[in-house]
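Participant: If you scroll down you'll find the structure; I have some questions about it.
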Amino acid sequence: MSEQLSSPRITAAYLDSFVGRLVTIVGKVTQLRGDQATIDSDGIVTVVLNRDAHLTNGNAVQVIGKVNPDLSIKVLSSRDLGSDVDFGLCSAVVEATHRHKAIFVSEN
């Protein structure tokens with residue numbers, strides 16, 4: 001199995017294109033339920049938390065994880081970004097990433 005070199009930035013709209021792959025996603029935490037959380041990243045995404053994840057409802061979070069077949073994301077690492085995040089800018093970065101895939105996305 002070859003090692004993944006990149007974790008492209010995505011939003012909810014790109015989930016189905018990255019099943020089984022590592023991704024980076026930024027969103028606002030909208031709900032915490034045990035070992036799962038729901039984030040809003042231009043659409044609702046369920047993330048399956050690891051024990052190191054310490055999220056706060058209403059704060060932004062950056063998640064690096066693997067997209068499951070049910071389009072949830074299994075968290076490998078997460079970072080609380082606080083409440084002052086420009087989600088428009090985050091979405092623009094995702095769009096630029098996918099518009100210029102040759103620069104940002106490694107196809108393994």
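In the structure tokens, chains take letters A, B, ... by order of appearance, with residues numbered from 1 within each chain and ligands from 1 in the order shown.
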Could you pull the residues within 7 Å of segment 21-38 of chain A, counting only C-alpha atoms, minus those fewer than 4 positions along the same chain, as a PyMOL selection string?
Facilitator: chain A and resi 7-11+44-49+56-67
Participant: Excluding same-chain residues fewer than 4 positions from Ala13 of chain A, what lies within 9 Å of it counting only C-alpha atoms, as a PyMOL selection string?
Facilitator: chain A and resi 17+41-43
Participant: Now that the selection is made, can you save its residues with N, CA and C atoms as a tab-separated table (two decimals), in the first residue's frame?
Facilitator:
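Generated output (out04.tsv):
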```tsv
chain	number	residue	atom	x	y	z
A	17	SER	N	-16.22	12.36	-3.80
A	17	SER	CA	-15.08	12.20	-4.70
A	17	SER	C	-13.82	11.71	-3.97
A	41	SER	N	-19.62	22.54	6.81
A	41	SER	CA	-18.56	22.96	5.90
A	41	SER	C	-19.20	23.10	4.51
A	42	ASP	N	-19.97	24.17	4.33
A	42	ASP	CA	-20.78	24.35	3.13
A	42	ASP	C	-21.70	23.15	2.92
A	43	GLY	N	-22.16	22.58	4.01
A	43	GLY	CA	-23.01	21.39	4.06
A	43	GLY	C	-22.68	20.62	5.32
```
Participant: Which distance in Å separates atom CA of Ile39 of chain A and atom CA of Glu95 of chain A, to one decimal?
Facilitator: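 Those two atoms sit 18.7 Å apart.
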Participant: Check the DSSP output for the backbone and give back, as number ranges by chain, the residues of chain A in helix (DSSP H, G or I).
Facilitator: A: 12-17, 87-99, 101-104
Participant: So, counting only C-alpha atoms, which residue among A:Leu55, A:Leu71, A:Ala12, A:Val19 is closest to Asp40 of chain A?
Facilitator: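 Selected residue with least distance to Asp40 of chain A: A:Ala12.
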Participant: According to DSSP computed on the backbone, where in chain A is there strand (DSSP E)? Give the residues as a PyMOL selection string.
Facilitator: chain A and resi 9-10+22-33+36-40+44-48+60-67+73-82
